[in-house]
$ cat input02.pdb   # PDB, C-alpha atoms
ATOM      1  CA  MET A   1      76.341  66.011 120.129
ATOM      2  CA  SER A   2      79.335  63.975 121.376
ATOM      3  CA  ASN A   3      82.931  64.871 120.542
ATOM      4  CA  TYR A   4      83.156  61.728 118.405
ATOM      5  CA  ALA A   5      80.129  62.838 116.399
ATOM      6  CA  GLU A   6      81.640  66.316 115.984
ATOM      7  CA  PHE A   7      84.737  64.655 114.529
ATOM      8  CA  THR A   8      83.067  62.185 112.185
ATOM      9  CA  LYS A   9      80.467  64.559 110.701
ATOM     10  CA  GLY A  10      83.085  66.327 108.601
ATOM     11  CA  LEU A  11      84.503  63.152 107.077
ATOM     12  CA  ILE A  12      81.520  62.241 104.880
ATOM     13  CA  LYS A  13      78.119  63.424 106.150
ATOM     14  CA  GLU A  14      79.043  67.132 106.211
ATOM     15  CA  ASN A  15      82.226  66.974 104.149
ATOM     16  CA  PRO A  16      83.044  70.616 103.367
ATOM     17  CA  THR A  17      84.076  69.898  99.774
ATOM     18  CA  LEU A  18      81.900  67.013  98.611
ATOM     19  CA  VAL A  19      78.718  68.018 100.476
ATOM     20  CA  GLY A  20      79.096  71.694 101.380
ATOM     21  CA  LEU A  21      80.870  72.571  98.098
ATOM     22  CA  LEU A  22      83.210  74.931  99.948
ATOM     23  CA  GLY A  23      86.855  75.680  99.182
ATOM     24  CA  MET A  24      86.397  75.123  95.463
ATOM     25  CA  CYS A  25      89.377  77.300  94.431
ATOM     26  CA  PRO A  26      92.117  75.066  95.900
ATOM     27  CA  THR A  27      90.061  71.949  95.167
ATOM     28  CA  LEU A  28      90.128  72.610  91.431
ATOM     29  CA  ALA A  29      93.441  74.460  91.159
ATOM     30  CA  VAL A  30      96.032  72.434  93.084
ATOM     31  CA  THR A  31      94.746  68.878  92.684
ATOM     32  CA  THR A  32      96.835  68.017  89.639
ATOM     33  CA  THR A  33      99.085  65.807  91.801
ATOM     34  CA  ALA A  34      98.348  63.770  94.928
ATOM     35  CA  PHE A  35     101.285  65.413  96.727
ATOM     36  CA  ASN A  36      99.769  68.857  96.174
ATOM     37  CA  GLY A  37      96.345  67.638  97.280
ATOM     38  CA  ILE A  38      97.455  66.171 100.582
ATOM     39  CA  GLY A  39      99.800  69.123 101.189
ATOM     40  CA  MET A  40      97.052  71.717 100.742
ATOM     41  CA  GLY A  41      94.635  69.646 102.806
ATOM     42  CA  LEU A  42      96.997  69.261 105.763
ATOM     43  CA  ALA A  43      98.012  72.934 105.621
ATOM     44  CA  THR A  44      94.343  73.927 105.741
ATOM     45  CA  THR A  45      93.733  71.486 108.610
ATOM     46  CA  PHE A  46      96.589  73.070 110.586
ATOM     47  CA  VAL A  47      95.159  76.566 110.106
ATOM     48  CA  LEU A  48      91.617  75.378 110.857
ATOM     49  CA  LEU A  49      92.707  73.657 114.064
ATOM     50  CA  GLY A  50      94.759  76.585 115.331
ATOM     51  CA  SER A  51      92.143  79.221 114.523
ATOM     52  CA  ASN A  52      89.300  77.168 116.011
ATOM     53  CA  ILE A  53      91.200  76.791 119.291
ATOM     54  CA  VAL A  54      92.084  80.493 119.581
ATOM     55  CA  ILE A  55      88.632  81.726 118.541
ATOM     56  CA  SER A  56      86.937  79.347 120.970
ATOM     57  CA  LEU A  57      89.162  80.603 123.788
ATOM     58  CA  LEU A  58      88.499  84.249 122.915
ATOM     59  CA  LYS A  59      84.811  83.975 121.989
ATOM     60  CA  ASN A  60      83.729  85.954 125.053
ATOM     61  CA  VAL A  61      86.449  88.568 124.579
ATOM     62  CA  ILE A  62      86.118  89.457 120.899
ATOM     63  CA  PRO A  63      83.498  92.233 120.399
ATOM     64  CA  LYS A  64      80.675  91.235 118.076
ATOM     65  CA  SER A  65      81.068  94.438 116.064
ATOM     66  CA  VAL A  66      84.598  93.484 114.933
ATOM     67  CA  LYS A  67      84.490  89.701 115.114
ATOM     68  CA  LEU A  68      85.047  89.093 111.385
ATOM     69  CA  PRO A  69      88.214  91.233 111.170
ATOM     70  CA  CYS A  70      89.465  89.546 114.354
ATOM     71  CA  TYR A  71      88.824  86.092 112.882
ATOM     72  CA  ILE A  72      90.734  87.004 109.724
ATOM     73  CA  VAL A  73      93.703  88.326 111.725
ATOM     74  CA  ILE A  74      93.838  85.089 113.762
ATOM     75  CA  ILE A  75      93.545  82.915 110.652
ATOM     76  CA  ALA A  76      96.168  85.002 108.800
ATOM     77  CA  GLY A  77      98.587  84.465 111.686
ATOM     78  CA  PHE A  78      98.343  80.690 111.351
ATOM     79  CA  VAL A  79      98.593  80.912 107.552
ATOM     80  CA  THR A  80     101.811  82.916 107.907
ATOM     81  CA  LEU A  81     103.162  80.297 110.306
ATOM     82  CA  ILE A  82     102.410  77.357 107.982
ATOM     83  CA  GLU A  83     103.895  79.301 105.057
ATOM     84  CA  MET A  84     107.142  79.837 106.968
ATOM     85  CA  LEU A  85     107.310  76.169 108.018
ATOM     86  CA  MET A  86     106.550  74.908 104.526
ATOM     87  CA  LYS A  87     109.009  77.291 102.880
ATOM     88  CA  GLY A  88     111.726  76.186 105.280
ATOM     89  CA  TYR A  89     111.125  72.430 105.319
ATOM     90  CA  ILE A  90     109.142  71.565 102.138
ATOM     91  CA  PRO A  91     110.162  74.228  99.600
ATOM     92  CA  SER A  92     109.037  72.177  96.599
ATOM     93  CA  LEU A  93     105.476  71.931  97.960
ATOM     94  CA  TYR A  94     105.529  75.598  98.956
ATOM     95  CA  LYS A  95     106.432  76.513  95.376
ATOM     96  CA  SER A  96     103.801  74.199  93.891
ATOM     97  CA  LEU A  97     100.953  75.577  95.995
ATOM     98  CA  GLY A  98     102.015  79.163  95.359
ATOM     99  CA  THR A  99      99.355  81.841  95.907
ATOM    100  CA  PHE A 100      96.734  79.312  96.963
ATOM    101  CA  LEU A 101      98.604  78.777 100.220
ATOM    102  CA  SER A 102      98.100  82.435 101.164
ATOM    103  CA  LEU A 103      94.461  82.262 100.091
ATOM    104  CA  ILE A 104      93.772  79.829 102.952
ATOM    105  CA  THR A 105      93.175  83.031 104.933
ATOM    106  CA  VAL A 106      89.863  83.607 103.159
ATOM    107  CA  ASN A 107      88.917  79.956 102.690
ATOM    108  CA  CYS A 108      85.155  79.644 103.254
ATOM    109  CA  ILE A 109      85.648  76.448 105.266
ATOM    110  CA  ILE A 110      87.813  78.133 107.906
ATOM    111  CA  LEU A 111      85.749  81.311 108.172
ATOM    112  CA  GLY A 112      82.559  79.252 108.220
ATOM    113  CA  ARG A 113      83.705  76.986 111.079
ATOM    114  CA  ALA A 114      84.958  80.009 113.012
ATOM    115  CA  GLU A 115      81.606  81.784 112.754
ATOM    116  CA  MET A 116      79.255  78.804 113.008
ATOM    117  CA  PHE A 117      81.076  76.587 115.503
ATOM    118  CA  ALA A 118      84.227  77.797 117.266
ATOM    119  CA  SER A 119      82.666  81.120 118.312
ATOM    120  CA  LYS A 120      79.763  79.270 119.959
ATOM    121  CA  ASN A 121      81.408  76.193 121.509
ATOM    122  CA  ARG A 122      84.073  75.145 123.975
ATOM    123  CA  VAL A 123      87.645  74.256 123.040
ATOM    124  CA  LEU A 124      87.417  70.443 122.896
ATOM    125  CA  PRO A 125      84.376  70.280 120.587
ATOM    126  CA  SER A 126      86.020  72.987 118.446
ATOM    127  CA  ILE A 127      89.170  70.862 118.162
ATOM    128  CA  MET A 128      87.169  67.799 117.106
ATOM    129  CA  ASP A 129      85.176  69.874 114.620
ATOM    130  CA  ALA A 130      88.378  71.288 113.097
ATOM    131  CA  LEU A 131      90.029  67.869 112.833
ATOM    132  CA  GLY A 132      86.966  66.284 111.240
ATOM    133  CA  MET A 133      86.400  69.070 108.730
ATOM    134  CA  GLY A 134      90.118  69.372 107.987
ATOM    135  CA  LEU A 135      90.653  65.666 107.426
ATOM    136  CA  GLY A 136      87.464  65.487 105.353
ATOM    137  CA  PHE A 137      88.821  68.304 103.182
ATOM    138  CA  THR A 138      92.230  66.600 102.984
ATOM    139  CA  GLY A 139      90.673  63.283 102.007
ATOM    140  CA  ALA A 140      88.560  64.886  99.281
ATOM    141  CA  LEU A 141      91.543  66.750  97.817
ATOM    142  CA  THR A 142      93.816  63.693  97.980
ATOM    143  CA  LEU A 143      91.220  61.451  96.331
ATOM    144  CA  MET A 144      90.531  63.946  93.571
ATOM    145  CA  ALA A 145      94.233  64.667  93.026
ATOM    146  CA  SER A 146      95.066  60.948  92.925
ATOM    147  CA  VAL A 147      92.491  60.305  90.203
ATOM    148  CA  ARG A 148      93.703  63.271  88.153
ATOM    149  CA  GLU A 149      97.387  62.402  88.522
ATOM    150  CA  ILE A 150      96.923  58.715  87.711
ATOM    151  CA  MET A 151      94.633  59.322  84.743
ATOM    152  CA  GLY A 152      96.415  62.420  83.440
ATOM    153  CA  ALA A 153     100.093  61.727  84.102
ATOM    154  CA  GLY A 154     100.303  57.996  84.748
ATOM    155  CA  THR A 155     101.936  58.529  88.154
ATOM    156  CA  TRP A 156     100.861  58.528  91.803
ATOM    157  CA  PHE A 157     102.810  60.639  94.311
ATOM    158  CA  GLY A 158     105.408  60.865  91.549
ATOM    159  CA  ILE A 159     105.761  57.088  91.186
ATOM    160  CA  LYS A 160     105.421  55.953  87.588
ATOM    161  CA  ILE A 161     102.642  53.452  86.868
ATOM    162  CA  PRO A 162     103.845  51.119  84.072
ATOM    163  CA  TYR A 163     101.754  50.285  81.001
ATOM    164  CA  PHE A 164      99.164  52.977  81.727
ATOM    165  CA  GLN A 165      97.586  55.004  78.939
ATOM    166  CA  THR A 166      97.234  58.619  80.106
ATOM    167  CA  MET A 167      94.646  61.220  79.117
ATOM    168  CA  THR A 168      95.857  64.822  79.323
ATOM    169  CA  LEU A 169      92.285  66.046  79.870
ATOM    170  CA  PHE A 170      92.426  65.005  83.514
ATOM    171  CA  ILE A 171      95.183  67.456  84.451
ATOM    172  CA  LEU A 172      93.435  70.326  82.667
ATOM    173  CA  PRO A 173      90.775  72.543  84.349
ATOM    174  CA  ALA A 174      87.959  70.727  82.549
ATOM    175  CA  GLY A 175      89.249  67.437  83.949
ATOM    176  CA  GLY A 176      89.104  68.882  87.444
ATOM    177  CA  PHE A 177      85.411  69.720  87.091
ATOM    178  CA  PHE A 178      84.709  66.295  85.600
ATOM    179  CA  VAL A 179      86.470  64.364  88.393
ATOM    180  CA  LEU A 180      84.889  66.521  91.110
ATOM    181  CA  GLY A 181      81.426  65.939  89.656
ATOM    182  CA  CYS A 182      81.964  62.180  89.474
ATOM    183  CA  ILE A 183      83.202  61.979  93.075
ATOM    184  CA  ILE A 184      80.281  64.091  94.369
ATOM    185  CA  ALA A 185      77.841  61.842  92.479
ATOM    186  CA  LEU A 186      79.495  58.751  93.977
ATOM    187  CA  VAL A 187      79.332  60.174  97.523
ATOM    188  CA  ASN A 188      75.647  61.031  97.058
ATOM    189  CA  LYS A 189      74.962  57.510  95.807
ATOM    190  CA  LEU A 190      76.800  55.868  98.713
ATOM    191  CA  SER A 191      75.045  58.191 101.168
ATOM    192  CA  ASP A 192      71.712  57.122  99.612
ATOM    193  CA  LYS A 193      70.576  60.707  99.272
ATOM    194  CA  LYS A 194      67.092  60.995  97.843
ATOM    195  CA  PRO A 195      65.925  63.900  95.654
ATOM    196  CA  PRO A 196      63.653  66.489  97.308
ATOM    197  CA  GLN A 197      60.082  65.250  97.550
ATOM    198  CA  GLU A 198      57.126  67.230  96.282
ATOM    199  CA  ILE A 199      55.668  69.426  98.989
ATOM    200  CA  GLY A 200      51.914  69.565  99.561
ATOM    201  CA  CYS A 201      48.878  67.344  99.923
ATOM    202  CA  SER A 202      49.424  65.584  96.578
ATOM    203  CA  SER A 203      52.534  63.792  97.943
ATOM    204  CA  CYS A 204      50.921  62.796 101.249
ATOM    205  CA  PRO A 205      49.880  59.139 101.736
ATOM    206  CA  ALA A 206      46.753  60.367 103.537
ATOM    207  CA  ASN A 207      45.786  62.699 100.706
ATOM    208  CA  GLY A 208      42.046  63.374 100.788
ATOM    209  CA  ASP A 209      41.437  61.649 104.118
ATOM    210  CA  CYS A 210      42.567  64.190 106.700
ATOM    211  CA  SER A 211      40.566  67.197 107.849
ATOM    212  CA  SER A 212      43.174  69.688 106.637
ATOM    213  CA  CYS A 213      42.759  68.485 103.052
ATOM    214  CA  HIS A 214      39.050  69.243 103.118
ATOM    215  CA  SER A 215      39.420  72.533 104.934
ATOM    216  CA  GLU A 216      42.160  73.760 102.550
ATOM    217  CA  GLY A 217      40.600  72.495  99.379
ATOM    218  CA  GLY A 218      42.912  69.508  98.939
ATOM    219  CA  ALA A 219      42.300  66.526  96.706
ATOM    220  CA  ARG A 220      39.046  64.632  97.387
TER     221      ARG A 220
END
$ encode --input "input02.pdb" --output "structure tokens"
Amino acid sequence: MSNYAEFTKGLIKENPTLVGLLGMCPTLAVTTTAFNGIGMGLATTFVLLGSNIVISLLKNVIPKSVKLPCYIVIIAGFVTLIEMLMKGYIPSLYKSLGTFLSLITVNCIILGRAEMFASKNRVLPSIMDALGMGLGFTGALTLMASVREIMGAGTWFGIKIPYFQTMTLFILPAGGFFVLGCIIALVNKLSDKKPPQEIGCSSCPANGDCSSCHSEGGAR
């Protein structure tokens, strides 16, 4: 697979949130405002990129028996770094994200990419994979947070939208589940995903005509 394909797969086709349903804690908890959504997404992308690079470089050095603890230590180092930067330069966002910023350490997206991709591939593909997955996660969070903020508070990135009737439901937990479900349904529709087909001879166009049907007692 080309580096371009590694990058683009995480945007829609293998989007970690809308397709993989990973990282649901921050997705539902911090997406009450668009600023929080894009902030959490970019922070996660930073950690994902840094950890993918380091793990790819050390994949032949880290013993298999302790690889998971090593991955967590590497990821925790980048989480600590982004926490320090955010606390120093964007204290309002740091306060808004709260505990969920520290929980990036055990985010399934980051651990999953470390185990499934970075530990098995070279640095450049790992960088493209991290950027694609990270930006896909950021886009999903920003979209969801934008809908919730606009519908629930009548603002977008803190800018007041005039003459807009708000619905408090959208900034409540139930509103988060509702918006997430609607966006996932929309992505599935745009991706033209078909439901699983019935398995067996009954769903085969050649049902009853091939030799295997007769030998296995299929329809005649």
$ residues_around --input "input02.pdb" --residues "stretch 157-159 of chain A" --least-positions-apart "3" --cutoff "12 Å" --atoms "only C-alpha atoms" --output "VMD selection string"
chain A and resid 31 to 39 142 to 143 145 to 150 153 to 154 162
$ closest_residue --input "input02.pdb" --among "A:Gly134, A:Met151, A:Tyr89, A:Met40" --to "A:Ser102" --atoms "all atoms listed in the file"
A:Met40
$ residues_around --input "input02.pdb" --residues "stretch 14-17 of chain A" --least-positions-apart "3" --cutoff "7 Å" --atoms "only C-alpha atoms" --output "list in words"
Lys9, Gly10, Leu11, Gly20, Leu21, Leu22, Gly23, Ile109, Met133, Gly136, Phe137 and Ala140 of chain A
$ closest_residue --input "input02.pdb" --among "A:Lys59, A:Arg113, A:Lys160, A:Lys67" --to "A:Thr45" --atoms "only C-alpha atoms"
A:Arg113
$ residues_near_point --input "input02.pdb" --point "(76.2, 67.2, 123.7)" --cutoff "12 Å" --atoms "only C-alpha atoms" --output "JSON list (two decimals) with C-alpha atoms, in the coordinates of the input"
[["chain", "number", "residue", "atom", "x", "y", "z"],
["A", 1, "MET", "CA", 76.34, 66.01, 120.13],
["A", 2, "SER", "CA", 79.33, 63.98, 121.38],
["A", 3, "ASN", "CA", 82.93, 64.87, 120.54],
["A", 4, "TYR", "CA", 83.16, 61.73, 118.40],
["A", 5, "ALA", "CA", 80.13, 62.84, 116.40],
["A", 6, "GLU", "CA", 81.64, 66.32, 115.98],
["A", 121, "ASN", "CA", 81.41, 76.19, 121.51],
["A", 122, "ARG", "CA", 84.07, 75.14, 123.98],
["A", 124, "LEU", "CA", 87.42, 70.44, 122.90],
["A", 125, "PRO", "CA", 84.38, 70.28, 120.59]]
$ atom_distance --input "input02.pdb" --atom1 "atom CA of A:Leu131" --atom2 "atom CA of A:Phe46"
8.7 Å
$ residues_around --input "input02.pdb" --residues "A:Ile12" --least-positions-apart "5" --cutoff "9 Å" --atoms "all atoms listed in the file" --output "MDAnalysis selection string"
chainID A and resid 18:19 136 187 191
$ closest_residue --input "input02.pdb" --among "A:Ser119, A:Thr44, A:Thr8, A:Tyr163" --to "A:Ile62" --atoms "only C-alpha atoms"
A:Ser119
$ closest_residue --input "input02.pdb" --among "A:Leu81, A:Val47, A:Val61, A:Leu28" --to "A:Leu111" --atoms "all atoms listed in the file"
A:Val47
$ resolve_selection --input "input02.pdb" --expression "the PyMOL selection byres ((chain A and resi 177) around 12)" --output "list in words"
Met24, Cys25, Thr27, Leu28, Ala29, Thr31, Thr32, Met144, Ala145, Arg148, Leu169, Phe170, Ile171, Leu172, Pro173, Ala174, Gly175, Gly176, Phe178, Val179, Leu180, Gly181, Cys182, Ile183 and Ile184 of chain A
$ atom_distance --input "input02.pdb" --atom1 "atom CA of A:Lys120" --atom2 "atom CA of A:Gly41"
24.7 Å
$ atom_distance --input "input02.pdb" --atom1 "atom CA of A:Ala130" --atom2 "atom CA of A:Leu49"
5.0 Å
$ resolve_selection --input "input02.pdb" --expression "the PyMOL selection byres ((chain A and resi 83) around 12)" --output "number ranges by chain"
A: 39-40, 43-44, 46-47, 76-82, 84-91, 93-95, 97-105
$ write_last_selection --input "input02.pdb" --atoms "C-alpha atoms" --output "PDB file, in the coordinates of the input"
ATOM      1  CA  GLY A  39      99.800  69.123 101.189  1.00  0.00           C
ATOM      2  CA  MET A  40      97.052  71.717 100.742  1.00  0.00           C
ATOM      3  CA  ALA A  43      98.012  72.934 105.621  1.00  0.00           C
ATOM      4  CA  THR A  44      94.343  73.927 105.741  1.00  0.00           C
ATOM      5  CA  PHE A  46      96.589  73.070 110.586  1.00  0.00           C
ATOM      6  CA  VAL A  47      95.159  76.566 110.106  1.00  0.00           C
ATOM      7  CA  ALA A  76      96.168  85.002 108.800  1.00  0.00           C
ATOM      8  CA  GLY A  77      98.587  84.465 111.686  1.00  0.00           C
ATOM      9  CA  PHE A  78      98.343  80.690 111.351  1.00  0.00           C
ATOM     10  CA  VAL A  79      98.593  80.912 107.552  1.00  0.00           C
ATOM     11  CA  THR A  80     101.811  82.916 107.907  1.00  0.00           C
ATOM     12  CA  LEU A  81     103.162  80.297 110.306  1.00  0.00           C
ATOM     13  CA  ILE A  82     102.410  77.357 107.982  1.00  0.00           C
ATOM     14  CA  MET A  84     107.142  79.837 106.968  1.00  0.00           C
ATOM     15  CA  LEU A  85     107.310  76.169 108.018  1.00  0.00           C
ATOM     16  CA  MET A  86     106.550  74.908 104.526  1.00  0.00           C
ATOM     17  CA  LYS A  87     109.009  77.291 102.880  1.00  0.00           C
ATOM     18  CA  GLY A  88     111.726  76.186 105.280  1.00  0.00           C
ATOM     19  CA  TYR A  89     111.125  72.430 105.319  1.00  0.00           C
ATOM     20  CA  ILE A  90     109.142  71.565 102.138  1.00  0.00           C
ATOM     21  CA  PRO A  91     110.162  74.228  99.600  1.00  0.00           C
ATOM     22  CA  LEU A  93     105.476  71.931  97.960  1.00  0.00           C
ATOM     23  CA  TYR A  94     105.529  75.598  98.956  1.00  0.00           C
ATOM     24  CA  LYS A  95     106.432  76.513  95.376  1.00  0.00           C
ATOM     25  CA  LEU A  97     100.953  75.577  95.995  1.00  0.00           C
ATOM     26  CA  GLY A  98     102.015  79.163  95.359  1.00  0.00           C
ATOM     27  CA  THR A  99      99.355  81.841  95.907  1.00  0.00           C
ATOM     28  CA  PHE A 100      96.734  79.312  96.963  1.00  0.00           C
ATOM     29  CA  LEU A 101      98.604  78.777 100.220  1.00  0.00           C
ATOM     30  CA  SER A 102      98.100  82.435 101.164  1.00  0.00           C
ATOM     31  CA  LEU A 103      94.461  82.262 100.091  1.00  0.00           C
ATOM     32  CA  ILE A 104      93.772  79.829 102.952  1.00  0.00           C
ATOM     33  CA  THR A 105      93.175  83.031 104.933  1.00  0.00           C
TER      34      THR A 105
END
$ closest_residue --input "input02.pdb" --among "A:Leu57, A:Thr155, A:Pro26, A:Lys64" --to "A:Ile127" --atoms "all atoms listed in the file"
A:Leu57
$ closest_residue --input "input02.pdb" --among "A:Leu135, A:Leu141, A:Cys108, A:Ile53" --to "A:Val123" --atoms "all atoms listed in the file"
A:Ile53
